[in-house]
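Undergrad: Sharing query06.cif (mmCIF, C-alpha atoms and all ligand atoms) below.
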```
data_query
#
loop_
_atom_site.label_atom_id
_atom_site.label_comp_id
_atom_site.auth_asym_id
_atom_site.auth_seq_id
_atom_site.Cartn_x
_atom_site.Cartn_y
_atom_site.Cartn_z
CA MET A 18 103.82 199.78 28.38
CA GLU A 19 102.37 203.02 29.68
CA ASP A 20 103.48 204.54 32.99
CA LYS A 21 106.18 201.97 33.72
CA HIS A 22 109.22 204.18 33.32
CA MET A 23 112.05 203.48 35.76
CA LEU A 24 114.52 206.21 36.64
CA MET A 25 118.04 205.02 37.35
CA ILE A 26 119.75 208.35 36.71
CA PRO A 27 121.43 210.55 39.31
CA GLY A 28 118.62 213.09 39.16
CA PRO A 29 115.81 213.65 38.85
CA THR A 30 115.48 210.59 41.07
CA PRO A 31 112.38 208.45 41.73
CA VAL A 32 109.69 210.03 43.90
CA PRO A 33 107.82 207.93 46.51
CA GLU A 34 104.06 207.63 46.10
CA LYS A 35 103.49 209.29 49.51
CA VAL A 36 105.41 212.31 48.24
CA LEU A 37 103.52 212.38 44.94
CA LEU A 38 100.25 212.41 46.87
CA SER A 39 101.44 215.33 49.01
CA LEU A 40 102.33 217.25 45.87
CA ALA A 41 98.76 216.79 44.66
CA LYS A 42 97.23 218.65 47.62
CA HIS A 43 95.50 221.96 47.09
CA PRO A 44 97.97 224.81 47.72
CA ILE A 45 97.36 227.15 50.65
CA GLY A 46 98.48 230.75 51.20
CA HIS A 47 102.20 230.90 51.79
CA ARG A 48 101.75 233.63 54.43
CA SER A 49 99.17 231.64 56.40
CA GLY A 50 99.78 230.30 59.89
CA ASP A 51 99.24 226.77 58.60
CA PHE A 52 101.99 227.16 56.03
CA SER A 53 104.33 228.63 58.65
CA LYS A 54 103.98 225.35 60.51
CA VAL A 55 105.00 223.47 57.35
CA ILE A 56 108.07 225.69 56.95
CA ALA A 57 108.99 225.25 60.62
CA GLU A 58 108.84 221.47 60.32
CA ILE A 59 110.83 221.52 57.06
CA ASN A 60 113.53 223.72 58.57
CA GLN A 61 113.96 221.33 61.48
CA GLY A 62 114.08 218.39 59.07
CA LEU A 63 116.68 220.12 56.89
CA LYS A 64 118.90 220.74 59.92
CA TRP A 65 118.58 217.07 60.84
CA LEU A 66 119.48 215.98 57.30
CA HIS A 67 122.45 218.36 57.18
CA GLN A 68 123.59 217.33 60.71
CA THR A 69 123.85 220.99 61.62
CA LYS A 70 122.68 223.79 63.86
CA ASN A 71 123.37 226.19 60.98
CA GLU A 72 120.67 227.83 58.94
CA VAL A 73 119.58 225.78 55.90
CA LEU A 74 117.95 228.09 53.38
CA SER A 75 115.48 226.94 50.72
CA LEU A 76 115.44 228.78 47.39
CA THR A 77 113.24 228.25 44.35
CA VAL A 78 116.17 227.39 42.08
CA SER A 79 117.89 224.29 40.73
CA GLY A 80 121.17 223.04 42.20
CA THR A 81 123.17 225.49 40.09
CA GLY A 82 121.19 228.38 41.59
CA ALA A 83 122.12 227.14 45.07
CA MET A 84 125.78 226.99 43.96
CA GLU A 85 125.68 230.53 42.58
CA ALA A 86 123.98 231.87 45.71
CA GLY A 87 126.55 229.98 47.80
CA MET A 88 129.30 231.90 46.08
CA ILE A 89 128.05 235.44 45.47
CA ASN A 90 126.83 235.97 49.04
CA PHE A 91 130.19 235.33 50.67
CA LEU A 92 132.82 236.48 48.18
CA SER A 93 133.65 239.63 46.19
CA PRO A 94 134.92 240.51 42.70
CA GLY A 95 138.64 239.80 42.37
CA ASP A 96 138.73 237.34 45.30
CA ARG A 97 141.23 234.53 44.88
CA VAL A 98 139.50 231.15 44.98
CA LEU A 99 140.75 227.58 44.51
CA VAL A 100 138.31 225.42 42.58
CA GLY A 101 138.58 221.64 42.30
CA VAL A 102 137.82 220.54 38.74
CA ASN A 103 137.63 216.85 37.83
CA GLY A 104 134.37 216.75 35.94
CA LYS A 105 131.44 218.71 34.58
CA PHE A 106 130.25 220.10 37.90
CA GLY A 107 133.64 221.15 39.20
CA ASP A 108 134.04 222.94 35.89
CA ARG A 109 130.68 224.61 36.51
CA TRP A 110 131.92 226.00 39.84
CA ALA A 111 134.93 227.46 38.02
CA GLN A 112 132.69 228.94 35.31
CA ILE A 113 130.51 230.63 37.93
CA ALA A 114 133.57 232.06 39.71
CA GLU A 115 134.93 233.32 36.38
CA ALA A 116 131.57 234.79 35.36
CA PHE A 117 131.60 236.81 38.58
CA GLY A 118 135.15 238.05 38.06
CA MET A 119 136.89 236.08 40.81
CA LYS A 120 140.57 235.25 40.51
CA THR A 121 139.89 231.62 39.80
CA GLU A 122 142.58 228.97 40.17
CA ARG A 123 141.57 225.53 38.97
CA ILE A 124 143.06 222.52 40.71
CA SER A 125 142.34 219.90 38.10
CA ALA A 126 142.44 216.14 37.89
CA GLU A 127 141.61 213.89 34.97
CA TRP A 128 137.89 213.18 34.65
CA GLY A 129 137.36 209.84 36.41
CA GLN A 130 140.08 210.46 39.00
CA PRO A 131 139.69 212.15 42.40
CA LEU A 132 141.19 215.55 43.16
CA ASP A 133 144.69 215.41 44.62
CA THR A 134 144.33 216.63 48.20
CA GLU A 135 148.06 217.42 48.38
CA GLU A 136 147.70 220.09 45.69
CA PHE A 137 145.25 221.90 47.94
CA ARG A 138 147.56 221.54 50.93
CA THR A 139 150.54 222.94 49.00
CA LYS A 140 148.63 225.97 47.67
CA LEU A 141 147.03 226.71 51.02
CA GLU A 142 150.30 226.40 52.97
CA ALA A 143 152.06 228.68 50.48
CA ASP A 144 149.40 231.36 50.97
CA THR A 145 150.99 233.03 53.99
CA ASN A 146 149.35 236.38 53.09
CA LYS A 147 145.94 234.71 53.36
CA GLU A 148 144.80 235.81 49.93
CA ILE A 149 142.78 232.67 49.25
CA LYS A 150 139.22 233.48 50.21
CA ALA A 151 137.57 230.16 49.43
CA VAL A 152 138.20 226.58 48.43
CA ILE A 153 135.36 225.31 46.30
CA ILE A 154 134.75 221.60 45.84
CA THR A 155 132.28 219.24 44.20
CA HIS A 156 131.95 216.40 46.71
CA SER A 157 130.29 213.78 44.51
CA GLU A 158 131.25 214.52 40.88
CA THR A 159 128.13 213.17 39.19
CA SER A 160 129.57 213.33 35.67
CA THR A 161 132.19 210.68 36.45
CA GLY A 162 130.96 208.90 39.60
CA VAL A 163 133.95 210.11 41.63
CA LEU A 164 133.68 211.00 45.31
CA ASN A 165 136.28 213.61 46.19
CA ASP A 166 138.02 213.50 49.57
CA LEU A 167 136.21 216.44 51.09
CA GLU A 168 137.23 215.55 54.64
CA THR A 169 140.98 215.81 53.89
CA ILE A 170 140.69 218.91 51.70
CA ASN A 171 138.63 220.54 54.44
CA LYS A 172 141.37 219.76 57.01
CA HIS A 173 143.84 221.69 54.84
CA VAL A 174 141.36 224.57 54.58
CA LYS A 175 140.99 224.60 58.36
CA ALA A 176 144.79 224.68 58.77
CA HIS A 177 144.84 227.76 56.49
CA GLY A 178 142.39 229.41 58.86
CA GLU A 179 140.97 232.17 56.64
CA ALA A 180 139.48 230.55 53.55
CA LEU A 181 135.90 229.37 53.46
CA ILE A 182 135.13 225.86 52.31
CA ILE A 183 132.25 225.90 49.82
CA VAL A 184 130.85 222.53 48.82
CA ASP A 185 128.60 221.19 46.09
CA ALA A 186 126.88 218.34 47.91
CA VAL A 187 124.18 218.07 45.23
CA THR A 188 124.62 214.30 44.88
CA SER A 189 126.21 213.48 48.21
CA LEU A 190 123.80 215.04 50.68
CA GLY A 191 121.51 212.26 51.86
CA ALA A 192 123.72 209.65 50.20
CA TYR A 193 126.95 209.92 52.17
CA ASN A 194 127.77 210.95 55.72
CA ILE A 195 128.58 214.69 55.74
CA PRO A 196 128.74 215.87 59.36
CA ILE A 197 128.61 219.54 58.48
CA ASP A 198 129.06 220.91 62.00
CA ASP A 199 131.73 218.40 63.04
CA TRP A 200 133.76 219.18 59.93
CA GLY A 201 132.97 222.90 60.03
CA LEU A 202 131.81 223.19 56.42
CA ASP A 203 130.94 226.81 55.63
CA VAL A 204 128.62 226.68 52.63
CA VAL A 205 126.94 223.49 51.42
CA ALA A 206 124.72 223.58 48.32
CA SER A 207 122.25 220.90 47.25
CA GLY A 208 119.14 220.41 45.12
CA SER A 209 115.75 218.80 45.60
CA GLN A 210 115.72 216.30 42.72
CA LYS A 211 118.51 214.20 44.22
CA GLY A 212 118.78 212.56 47.67
CA TYR A 213 115.71 214.51 48.82
CA MET A 214 113.38 212.21 46.82
CA ILE A 215 111.26 215.08 45.50
CA PRO A 216 111.05 216.63 42.00
CA PRO A 217 113.35 219.45 40.77
CA GLY A 218 112.65 223.03 41.81
CA LEU A 219 114.26 223.70 45.18
CA GLY A 220 117.88 224.49 45.97
CA PHE A 221 119.31 224.49 49.49
CA VAL A 222 122.22 226.39 50.98
CA CYS A 223 123.55 225.60 54.45
CA VAL A 224 125.55 228.50 55.91
CA SER A 225 128.01 228.58 58.85
CA ASP A 226 128.59 231.53 61.22
CA LYS A 227 131.98 232.11 59.58
CA ALA A 228 130.26 232.40 56.18
CA TRP A 229 127.69 234.84 57.62
CA ALA A 230 130.59 236.99 58.83
CA ALA A 231 131.99 236.93 55.27
CA TYR A 232 128.52 237.87 53.98
CA GLU A 233 128.84 241.21 55.76
CA ASN A 234 131.88 242.07 53.60
CA SER A 235 130.67 240.63 50.29
CA LYS A 236 130.48 243.24 47.52
CA TYR A 237 128.28 241.53 44.92
CA PRO A 238 124.96 243.14 44.05
CA ARG A 239 122.04 240.71 44.46
CA PHE A 240 118.36 240.72 45.17
CA TYR A 241 116.51 237.41 44.68
CA MET A 242 119.70 235.56 45.51
CA ASP A 243 120.41 237.59 48.66
CA LEU A 244 120.65 234.90 51.33
CA GLY A 245 120.30 237.50 54.09
CA LYS A 246 116.63 237.81 53.10
CA TYR A 247 116.15 234.05 53.41
CA LYS A 248 117.84 234.01 56.81
CA LYS A 249 115.55 236.74 58.13
CA ALA A 250 112.48 234.98 56.79
CA ASN A 251 113.61 231.62 58.21
CA ALA A 252 113.71 233.14 61.69
CA LYS A 253 109.96 233.80 61.32
CA ASP A 254 109.15 230.41 59.72
CA SER A 255 108.47 232.29 56.53
CA SER A 256 110.00 232.85 53.09
CA PRO A 257 111.02 236.10 51.39
CA PHE A 258 109.19 235.27 48.14
CA THR A 259 106.41 232.87 47.15
CA PRO A 260 107.84 229.37 47.67
CA PRO A 261 106.72 226.38 45.57
CA VAL A 262 104.03 225.48 48.10
CA ASN A 263 103.28 222.01 46.74
CA LEU A 264 106.92 221.07 46.43
CA MET A 265 107.28 222.07 50.08
CA TYR A 266 104.47 219.68 51.01
CA GLY A 267 106.42 217.01 49.16
CA LEU A 268 109.60 217.96 50.99
CA GLN A 269 107.80 217.78 54.34
CA THR A 270 106.66 214.23 53.57
CA ALA A 271 110.06 213.16 52.19
CA LEU A 272 111.87 214.46 55.28
CA GLN A 273 109.43 212.54 57.50
CA MET A 274 110.18 209.37 55.52
CA MET A 275 113.91 209.96 55.76
CA GLN A 276 113.70 210.50 59.50
CA ARG A 277 111.81 207.23 59.88
CA GLU A 278 114.50 205.41 57.88
CA GLY A 279 117.29 207.10 59.85
CA LEU A 280 120.49 208.70 58.56
CA GLU A 281 122.67 205.67 59.29
CA ASN A 282 120.34 203.39 57.35
CA ILE A 283 120.11 205.80 54.44
CA PHE A 284 123.89 206.00 54.15
CA ALA A 285 124.23 202.22 54.54
CA ARG A 286 121.65 201.66 51.77
CA HIS A 287 123.58 203.93 49.39
CA GLN A 288 126.85 202.17 50.26
CA ARG A 289 125.23 198.80 49.61
CA LEU A 290 123.82 199.87 46.23
CA THR A 291 127.21 201.26 45.25
CA LYS A 292 128.97 198.06 46.26
CA ALA A 293 126.45 195.96 44.34
CA SER A 294 126.64 198.07 41.15
CA ARG A 295 130.40 197.93 41.16
CA ALA A 296 130.49 194.21 41.93
CA ALA A 297 128.09 193.55 39.04
CA ALA A 298 130.14 195.61 36.58
CA LYS A 299 133.37 193.92 37.63
CA ALA A 300 131.88 190.43 37.42
CA MET A 301 130.60 191.18 33.92
CA GLY A 302 134.02 192.40 32.83
CA LEU A 303 132.82 195.99 32.38
CA LYS A 304 135.33 198.65 33.35
CA LEU A 305 134.51 200.99 36.21
CA PHE A 306 135.31 204.61 35.44
CA ALA A 307 136.01 205.73 39.03
CA PRO A 308 138.45 203.92 41.33
CA ASP A 309 137.14 201.84 44.25
CA ASN A 310 138.57 204.21 46.85
CA ALA A 311 136.78 207.23 45.36
CA ALA A 312 133.38 205.86 44.40
CA SER A 313 130.34 208.14 44.53
CA THR A 314 127.45 206.58 46.44
CA ALA A 315 124.99 208.28 44.10
CA VAL A 316 126.11 207.07 40.70
CA THR A 317 128.31 204.40 39.15
CA ALA A 318 129.96 205.22 35.82
CA ILE A 319 130.82 202.29 33.56
CA GLU A 320 133.06 202.23 30.51
CA PRO A 321 131.81 199.30 28.37
CA ALA A 322 134.28 199.54 25.43
CA PRO A 323 134.30 198.08 22.85
CA ILE A 324 130.50 198.41 23.12
CA ASP A 325 129.33 201.98 22.54
CA ALA A 326 127.97 203.23 25.88
CA GLU A 327 125.20 205.14 24.14
CA LYS A 328 123.99 201.91 22.50
CA ILE A 329 123.56 200.36 25.93
CA ARG A 330 121.75 203.40 27.24
CA VAL A 331 119.42 203.70 24.25
CA ASN A 332 118.68 199.95 24.10
CA ILE A 333 117.86 199.64 27.77
CA ARG A 334 115.59 202.66 27.49
CA LYS A 335 113.76 201.37 24.42
CA LYS A 336 113.41 197.75 25.40
CA TYR A 337 113.06 197.89 29.19
CA ASP A 338 111.99 201.50 29.77
CA ILE A 339 114.83 202.09 32.22
CA ALA A 340 116.56 205.48 32.09
CA LEU A 341 120.32 205.32 32.61
CA ALA A 342 122.47 208.42 32.24
CA GLY A 343 124.92 208.85 29.39
CA GLY A 344 128.39 210.36 29.40
CA GLN A 345 128.65 214.14 29.35
CA ASP A 346 130.83 216.21 27.03
CA HIS A 347 133.84 214.16 25.80
CA LEU A 348 132.57 211.11 27.71
CA LYS A 349 129.46 210.75 25.52
CA GLY A 350 129.49 207.26 24.03
CA LYS A 351 132.36 206.28 26.29
CA ILE A 352 130.55 205.78 29.60
CA PHE A 353 127.03 205.23 30.87
CA ARG A 354 125.98 205.89 34.44
CA ILE A 355 123.69 203.98 36.79
CA GLY A 356 122.07 206.29 39.32
CA HIS A 357 121.32 204.79 42.74
CA LEU A 358 120.47 207.98 44.59
CA GLY A 359 117.49 208.69 46.81
CA PHE A 360 114.43 206.46 46.65
CA VAL A 361 116.21 203.41 45.23
CA SER A 362 115.95 199.91 46.71
CA ASP A 363 117.92 196.67 46.34
CA ARG A 364 115.14 195.40 44.07
CA ASP A 365 115.49 198.42 41.75
CA LEU A 366 119.19 197.81 41.41
CA LEU A 367 118.80 194.10 40.69
CA THR A 368 116.19 194.94 38.04
CA ALA A 369 118.55 197.41 36.38
CA ILE A 370 121.48 194.97 36.48
CA SER A 371 119.43 192.11 35.01
CA CYS A 372 118.23 194.36 32.16
CA LEU A 373 121.83 195.49 31.67
CA GLU A 374 122.85 191.84 31.36
CA ALA A 375 120.15 191.23 28.77
CA THR A 376 121.20 194.34 26.86
CA VAL A 377 124.88 193.39 26.83
CA ILE A 378 123.93 189.95 25.50
CA GLU A 379 121.78 191.54 22.77
CA LEU A 380 124.60 193.86 21.75
CA GLY A 381 127.14 191.05 21.46
CA ALA A 382 128.94 190.04 24.61
CA ASP A 383 132.09 188.46 23.23
CA ASN A 384 134.36 190.19 25.72
CA PHE A 385 132.02 190.01 28.67
CA ASP A 386 130.42 187.59 31.06
CA PRO A 387 126.94 189.09 31.19
CA LYS A 388 125.42 186.32 33.27
CA ALA A 389 127.67 187.12 36.23
CA GLY A 390 126.20 190.56 37.03
CA VAL A 391 123.04 189.72 38.95
CA LYS A 392 124.84 186.99 40.88
CA ALA A 393 127.57 189.39 41.99
CA ALA A 394 125.10 192.17 42.79
CA ALA A 395 122.89 189.84 44.82
CA ALA A 396 125.91 188.60 46.76
CA ALA A 397 126.98 192.18 47.48
CA LEU A 398 123.47 193.08 48.66
CA ALA A 399 123.12 189.98 50.86
C1 LIG A 401 127.17 217.43 41.45
C2 LIG A 401 126.15 218.32 40.80
N1 LIG A 401 126.27 219.64 40.95
C3 LIG A 401 125.40 220.48 40.40
C4 LIG A 401 124.36 220.03 39.63
C5 LIG A 401 123.48 221.02 38.98
O1 LIG A 401 122.20 220.94 39.43
P1 LIG A 401 120.99 221.51 38.57
O2 LIG A 401 120.96 220.79 37.27
O3 LIG A 401 119.85 221.18 39.48
O4 LIG A 401 121.20 222.97 38.41
C6 LIG A 401 124.18 218.67 39.44
C7 LIG A 401 123.10 218.15 38.61
O5 LIG A 401 123.08 217.02 38.18
C8 LIG A 401 125.11 217.79 40.05
O6 LIG A 401 124.99 216.46 39.90
#
```
Starting from the file, lay out its structure as C-alpha cells.
Ligand SMILES: Cc1ncc(COP(=O)(O)O)c(C=O)c1O

TA:
Amino acid sequence: MEDKHMLMIPGPTPVPEKVLLSLAKHPIGHRSGDFSKVIAEINQGLKWLHQTKNEVLSLTVSGTGAMEAGMINFLSPGDRVLVGVNGKFGDRWAQIAEAFGMKTERISAEWGQPLDTEEFRTKLEADTNKEIKAVIITHSETSTGVLNDLETINKHVKAHGEALIIVDAVTSLGAYNIPIDDWGLDVVASGSQKGYMIPPGLGFVCVSDKAWAAYENSKYPRFYMDLGKYKKANAKDSSPFTPPVNLMYGLQTALQMMQREGLENIFARHQRLTKASRAAAKAMGLKLFAPDNAASTAVTAIEPAPIDAEKIRVNIRKKYDIALAGGQDHLKGKIFRIGHLGFVSDRDLLTAISCLEATVIELGADNFDPKAGVKAAAAALA
C-alpha cells in the first residue's frame, strides 16, 4: 500500500504532521528580522531541551559533523584522549580522534556490554601529570542498544579536574534525562533526525564555559566547523552561514510540541517503550542483546538465533512495511533493532510487536512463544 511506511529505526525517526507542514512553508531570508525571531525561539528551546544555560549551536551537518566539531574546537594534535568504544559509534569517535592525530586510547568493552566505569577511574587517577585532555563517550550506543553509565564516568572525569567530558548524545538527548548543567558536561553532540522529531540535516553542539576556555588554546585549523563563529552569531540571533531555513521551521514546531509534552513525560514515554519492547522480547523467548541495567531508551537490540535476524527485518519490511534496523558490521544477521526514539507512541510499539509476532510465526517459531509478545508489551505499557 502506498504511503503507509512505518519507521521503527533509531533514526531517521518519524516526523509529526505538524512538523511536516512547517517544513512545507515558503522559505524566508535568513538575515531577515522575522527569521531572527525564529532563531531566538529555537535557541531558547534548545537550552530547555539540553537543561542548560550553555550555548547550544546549530550546524548544517549530520550527527557525525557535530561530533567532529565537538572535538576539533577544543583539542589539539597530539592531545591524549580516552575514548569509550563498545560499538560502532564509540569506534567512530576513536576514528575521528585518530584522523586528527590525537593520542587516542580506546577503553573498549564487548559490543552489547556497557563500558566499565572503573577502567576510566583507574586511568584518570593514574594521570597525575594531567595529560589526559578529554574523555569521549557515546552515551546511547545505537549499534547495540547499550546505554553507557555517563553519570559515573563523568564523576571520575570531574575528580580528575582537567579533562573535558565530550559526549555523543545523538540517541539519548530527548530520550533520557541528561541534566547537562547539573552534571557539568562540557561538550554534548546530537543530531536532528533522532529525538528532535525532524528530518536529518542539523547537528547540535552544546558547549560549557570550561570547553570555551579550551577553545582558546585549540590548535586545529577550521573554518566552517569553527564553533566560535556560531557562538558569535547566536548572540545576535543569527547564523554564520545560510541555515536550512525550512528545517529550522520544523525544529521550531518540534520544540514547541516537546515543551507541551514536558521533559519528564518525554523521558517517561521512552522508558515505557523500552520496558515494553524488552518485556515482549523476553516473553517471546527472544534474547536481548543489551543487559537490563544498561538498556538504551532509544533502541532495543534483539538476537533471535536460530532465526537469521536479517530474515526478520526483511520479512517485516516486505509484508508489513515496517522498517526495523539491522545489525551493523559483524552483528549483521545476528541482531535486529527496534527503534522507539522520538515521535513514537504506545500504539506504534504494539503494532511493531504484533507484526514481529506474525513474522516469527511465519519464519518458524519452534523455539519461541510468539503469541506472548503483545500481551507482555501491553502489560508493560499499562
Ligand atoms: C549514537 C550515534 N552517534 C552518531 C551517529 C551518527 O550520526 P549521523 O549518521 O547523523 O552522522 C549516530 C547515527 O545513527 C548515532 O546513533

Undergrad: Which one of A:Ser313, A:Asn251, A:Ser49, A:Thr155 sits closest to ligand LIG 401 (chain A) if you count all atoms listed in the file?

TA: A:Thr155

Undergrad: Using only C-alpha atoms and all ligand atoms, can you tell me which of A:Arg354, A:Lys336, A:Arg295, A:Lys42 comes closest to ligand LIG 401 (chain A)?

TA: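 Selected residue with least distance to ligand LIG 401 (chain A): A:Arg354.
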
Undergrad: Once 5 Å is added on each side, what are the centre and the three edge lengths, in Å to one decimal, of the axis-aligned box enclosing the listed atoms of range 175-183 of chain A? Present them as JSON.

TA:
```
{"center_x": 138.5, "center_y": 228.4, "center_z": 54.3, "size_x": 22.6, "size_y": 17.6, "size_z": 19.0}
```

Undergrad: Could you check which of A:Leu280, A:Val224, A:Ala399, A:Leu141 is closest to Ile170 in chain A, using only C-alpha atoms?

TA: A:Leu141

Undergrad: Mind running range 285-378 of chain A against range 97-118 of chain A at 12 Å and telling me each contacting residue's nearest atom pair with the distance in Å (one decimal), counting all atoms listed in the file, chain and number ascending, as CSV?

TA:
```
residue,atom,partner,partner_atom,distance
A:Ala307,CA,A:Asn103,CA,11.3
A:Gly344,CA,A:Lys105,CA,10.3
A:Gln345,CA,A:Lys105,CA,7.5
A:Asp346,CA,A:Lys105,CA,8.0
A:His347,CA,A:Lys105,CA,10.2
A:Leu348,CA,A:Gly104,CA,10.1
```

Undergrad: As a quick test: using all atoms listed in the file, which residues lie no more than 7 Å away from ligand LIG 401 (chain A)? Give them as a PyMOL selection string.

TA: chain A and resi 27-28+79-82+106+155+157-160+185-188+208+217

Undergrad: Identify which of the residues A:Ser362, A:Asn282, A:Thr77, A:Thr376 lies closest to Met25 in chain A, counting all atoms listed in the file when measuring atom-to-atom distances.

TA: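 Looking only at the distances to Met25 in chain A, the closest residue turns out to be A:Ser362.
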
Undergrad: For the atom pair CA of Lys211 in chain A and CA of Ile355 in chain A, what is the interatomic distance in Å to one decimal place?

TA: 13.7 Å

Undergrad: Please measure the separation of CA of Asn60 in chain A and CA of Leu358 in chain A, giving the value in Å to one decimal.

TA: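 Computed distance, CA of Asn60 in chain A to CA of Leu358 in chain A, equals 22.2 Å.
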
Undergrad: Find the distance between CA of Glu281 in chain A and CA of Ile195 in chain A and write it in Å to one decimal.

TA: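 Distance between the two atoms: 11.4 Å.
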
Undergrad: Counting all atoms listed in the file, find the residues whose atoms lie at most 9 Å from (103.7, 234.9, 57.2) (file coordinates) and write them out as a list in words.

TA: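 Output: Gly46, His47, Arg48, Ser49, Gly50, Phe52, Ser53, Ala250, Lys253, Asp254, Ser255 and Ser256 of chain A.
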
Undergrad: So which one's closest to Lys248 in chain A, A:Asn71, A:Asn171, A:Asn310, A:Thr317? Using only C-alpha atoms, please.

TA: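 Closest to Lys248 in chain A of all the choices is A:Asn71.
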
Undergrad: Fewer than 2 positions away in the same chain doesn't count, so skip those; otherwise give me all residues within 10 Å of Leu66 in chain A, counting only C-alpha atoms, as a list in words.

TA: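 Returned residues: Asn60, Gln61, Gly62, Leu63, Lys64, Gln68, Thr69, Val73, Leu190, Gly191, Asn194, Ile195, Pro196, Ile197, Tyr213, Leu272, Met275, Gln276, Gly279 and Leu280 of chain A.
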
Undergrad: Using only C-alpha atoms, pick whichever of A:Val32, A:Asn90, A:Thr270, A:Asp365 has the shortest atom-to-atom distance to Tyr241 in chain A.

TA: A:Asn90

Undergrad: Please list as a list in words every residue within 8 Å of Leu303 in chain A, counting all atoms listed in the file and excluding residues in the same chain fewer than 2 positions away.

TA: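 Residues meeting the cut-off are Ala298, Lys299, Ala300, Met301, Leu305, Ile319, Glu320, Pro321, Ala322 and Phe385 of chain A.
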
Undergrad: Around (136.5, 212.4, 55.6) in the file's frame, which residues reach within 12 Å when counting only C-alpha atoms? Return as an MDAnalysis selection string?

TA: chainID A and resid 134 156 164:173 193:197 199:202 311
